[in-house]
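Trainee: Before I ask anything, here is the structure I am working with.
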Amino acid sequence: MDCSFSFAFAACTGNKEDGPNWPVLDLMPHGFPIAVIAPDSARVSVTKVGAIEDVTVINEGTERYSVQIYVQPVITSDMAELKANQINEVKSNPDFRQILEEDEQSFVYSLNQPNGTTVYSFRYVHLQADKEYVFTTGFNEAFTMEEAKRLLQAVRQNQEAVK
C-alpha cells in the first residue's frame with residue numbers, strides 16, 4: 001500500500017501495533033483532499049450548510065466507527081487559536097467533564113451522560129490549503145476512551161508527509 005499521498009495520514013494499515021488496522025479511505029472522490037483509516041464497510045455522506053461542509057463516515061459493519069468532519073474556509077492559520085476555539089466550544093456543553101489529553105492540534109475529552117455514565121470524544125484540527133478540517137466522533141454515538149483514541153489516530157493527518 002502506498003502511504004505517500006500528498007494528503008497522507010499518520011498511520012497506514014498495520015503500521016503501529018496499537019493503531020487501527022483498517023484500510024485507507026480516500027475522501028477525494030467526495031471532494032476532500034484528505035484520507036482517513038476506516039473499516040471496509042464505512043459509508044461516507046456529505047451535507048453542506050452555507051460555507052460549512054459536514055462529512056460523516058460511519059461503519060455499516062460490526063466494528064464501531066463514526067466520525068464527523070467539519071470543513072470550512074480558514075479564518076486564521078493560528079493553530080493555537082483554532083484549537084482554543086474548539087476547546088471553548090466543547091467546554092460550553094453543560095455535559096462537559098474534562099480534557100484528558102491534548103497536543104498541538106487535538107484533545108480527548110469526556111462528557112457526562114444523563115444516565116450517569118461517561119463517554120469520550122476528541123477534536124482534531126487540521127489546516128490544508130484554504131480549508132479548516134475539524135474531526136470529531138459521531139454525535140449520536142457513545143465511545144469509550146480507548147475507542148475515541150483509536151478514532152483520533154485513524155483520522156490524524158500526517159503533516160510530515162504533506163511538507
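Ligands are numbered from 1 in the order shown, residues from 1 within each chain, and chains are lettered A, B, ... in the order they appear in the C-alpha cells.
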With a distance cut-off of 12 Å and only C-alpha atoms, select the neighbouring residues of Leu151 in chain A, excluding the residue or stretch itself and same-chain residues fewer than 6 positions from it, and output the selection as number ranges by chain.
Mentor: A: 10-11, 18-22, 36-39, 57-59, 63-68, 108, 120-124, 135-138, 143-145
Trainee: Just want the 6 Å neighbourhood of range 125-133 of chain A, counted on only C-alpha atoms, with same-chain residues fewer than 5 positions away dropped. Output as a ChimeraX atom specification.
Mentor: /A:70-74,105
Trainee: When DSSP works through the backbone of this structure, what residues of chain A end up as strand (DSSP E or B), shown as a VMD selection string?
Mentor: chain A and resid 9 24 to 26 35 to 37 42 to 49 52 to 59 66 to 73 96 to 102 106 to 112 118 to 128 131 to 137 143 157
Trainee: Chain A: which residues are alpha helix (DSSP H) by DSSP, as JSON, numbers by chain?
Mentor: {"A": [79, 80, 81, 82, 83, 84, 85, 86, 87, 88, 89, 90, 91, 145, 146, 147, 148, 149, 150, 151, 152, 153, 154, 155, 159, 160, 161, 162]}
Trainee: Go ahead and save the residues from that selection, with N, CA, C and O atoms, as a tab-separated table (two decimals), in the first residue's frame.
Mentor:
chain	number	residue	atom	x	y	z
A	79	MET	N	-2.90	27.89	14.63
A	79	MET	CA	-3.41	26.62	15.13
A	79	MET	C	-3.82	26.70	16.60
A	79	MET	O	-4.83	26.11	16.99
A	80	ALA	N	-3.05	27.42	17.39
A	80	ALA	CA	-3.39	27.54	18.82
A	80	ALA	C	-4.76	28.19	19.00
A	80	ALA	O	-5.57	27.76	19.83
A	81	GLU	N	-5.05	29.20	18.19
A	81	GLU	CA	-6.34	29.87	18.27
A	81	GLU	C	-7.48	28.95	17.80
A	81	GLU	O	-8.54	28.89	18.43
A	82	LEU	N	-7.24	28.22	16.72
A	82	LEU	CA	-8.26	27.31	16.21
A	82	LEU	C	-8.57	26.20	17.22
A	82	LEU	O	-9.73	25.87	17.46
A	83	LYS	N	-7.52	25.66	17.83
A	83	LYS	CA	-7.74	24.61	18.84
A	83	LYS	C	-8.43	25.20	20.07
A	83	LYS	O	-9.35	24.58	20.63
A	84	ALA	N	-8.04	26.40	20.48
A	84	ALA	CA	-8.68	27.06	21.63
A	84	ALA	C	-10.17	27.27	21.35
A	84	ALA	O	-11.01	27.11	22.26
A	85	ASN	N	-10.52	27.62	20.12
A	85	ASN	CA	-11.93	27.77	19.75
A	85	ASN	C	-12.69	26.46	19.96
A	85	ASN	O	-13.81	26.45	20.45
A	86	GLN	N	-12.06	25.35	19.58
A	86	GLN	CA	-12.69	24.04	19.75
A	86	GLN	C	-12.83	23.69	21.23
A	86	GLN	O	-13.86	23.16	21.66
A	87	ILE	N	-11.80	23.98	22.00
A	87	ILE	CA	-11.87	23.72	23.45
A	87	ILE	C	-12.99	24.53	24.08
A	87	ILE	O	-13.78	24.01	24.87
A	88	ASN	N	-13.09	25.80	23.71
A	88	ASN	CA	-14.17	26.65	24.26
A	88	ASN	C	-15.54	26.12	23.88
A	88	ASN	O	-16.47	26.12	24.70
A	89	GLU	N	-15.67	25.65	22.64
A	89	GLU	CA	-16.96	25.10	22.20
A	89	GLU	C	-17.32	23.86	23.02
A	89	GLU	O	-18.45	23.71	23.48
A	90	VAL	N	-16.36	22.96	23.20
A	90	VAL	CA	-16.60	21.74	23.96
A	90	VAL	C	-16.93	22.07	25.42
A	90	VAL	O	-17.86	21.49	26.00
A	91	LYS	N	-16.19	23.00	26.02
A	91	LYS	CA	-16.42	23.37	27.42
A	91	LYS	C	-17.77	24.06	27.62
A	91	LYS	O	-18.29	24.07	28.74
A	145	MET	N	-13.01	5.61	26.18
A	145	MET	CA	-11.80	6.39	25.95
A	145	MET	C	-10.91	5.70	24.92
A	145	MET	O	-10.36	6.36	24.04
A	146	GLU	N	-10.76	4.39	25.00
A	146	GLU	CA	-9.93	3.65	24.05
A	146	GLU	C	-10.47	3.79	22.63
A	146	GLU	O	-9.70	3.96	21.68
A	147	GLU	N	-11.77	3.71	22.47
A	147	GLU	CA	-12.37	3.85	21.14
A	147	GLU	C	-12.16	5.27	20.59
A	147	GLU	O	-11.83	5.44	19.41
A	148	ALA	N	-12.33	6.28	21.43
A	148	ALA	CA	-12.12	7.66	20.99
A	148	ALA	C	-10.68	7.89	20.56
A	148	ALA	O	-10.41	8.51	19.53
A	149	LYS	N	-9.73	7.34	21.32
A	149	LYS	CA	-8.31	7.48	20.96
A	149	LYS	C	-8.01	6.75	19.65
A	149	LYS	O	-7.22	7.22	18.83
A	150	ARG	N	-8.62	5.61	19.46
A	150	ARG	CA	-8.40	4.85	18.22
A	150	ARG	C	-8.93	5.63	17.02
A	150	ARG	O	-8.31	5.68	15.96
A	151	LEU	N	-10.10	6.23	17.17
A	151	LEU	CA	-10.65	7.04	16.08
A	151	LEU	C	-9.78	8.26	15.81
A	151	LEU	O	-9.56	8.62	14.65
A	152	LEU	N	-9.28	8.90	16.86
A	152	LEU	CA	-8.38	10.04	16.67
A	152	LEU	C	-7.16	9.62	15.87
A	152	LEU	O	-6.76	10.29	14.92
A	153	GLN	N	-6.57	8.50	16.22
A	153	GLN	CA	-5.40	8.03	15.50
A	153	GLN	C	-5.75	7.73	14.03
A	153	GLN	O	-4.96	7.98	13.13
A	154	ALA	N	-6.94	7.24	13.79
A	154	ALA	CA	-7.36	6.89	12.43
A	154	ALA	C	-7.58	8.10	11.53
A	154	ALA	O	-7.50	7.98	10.32
A	155	VAL	N	-7.84	9.26	12.11
A	155	VAL	CA	-8.12	10.44	11.29
A	155	VAL	C	-6.99	11.44	11.28
A	155	VAL	O	-6.99	12.37	10.49
A	159	GLN	N	1.39	15.53	8.95
A	159	GLN	CA	1.96	16.79	8.47
A	159	GLN	C	3.33	16.62	7.83
A	159	GLN	O	3.70	17.35	6.94
A	160	GLU	N	4.12	15.66	8.28
A	160	GLU	CA	5.46	15.46	7.72
A	160	GLU	C	5.35	15.05	6.25
A	160	GLU	O	6.16	15.45	5.43
A	161	ALA	N	4.37	14.24	5.91
A	161	ALA	CA	4.23	13.78	4.52
A	161	ALA	C	3.72	14.89	3.61
A	161	ALA	O	3.94	14.86	2.42
A	162	VAL	N	3.03	15.87	4.19
A	162	VAL	CA	2.46	16.95	3.40
A	162	VAL	C	3.53	17.97	3.02
A	162	VAL	O	3.48	18.59	1.99
Trainee: Between A:Ala42, A:Val119, A:Asp103, A:Glu53, which has the minimum distance to Val134 in chain A (counting only C-alpha atoms)?
Mentor: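 Among the listed residues, the smallest separation from Val134 in chain A belongs to A:Glu53.
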Trainee: How many Å lie between CA of Glu60 in chain A and CA of Lys48 in chain A, rounded to one decimal?
Mentor: 22.2 Å
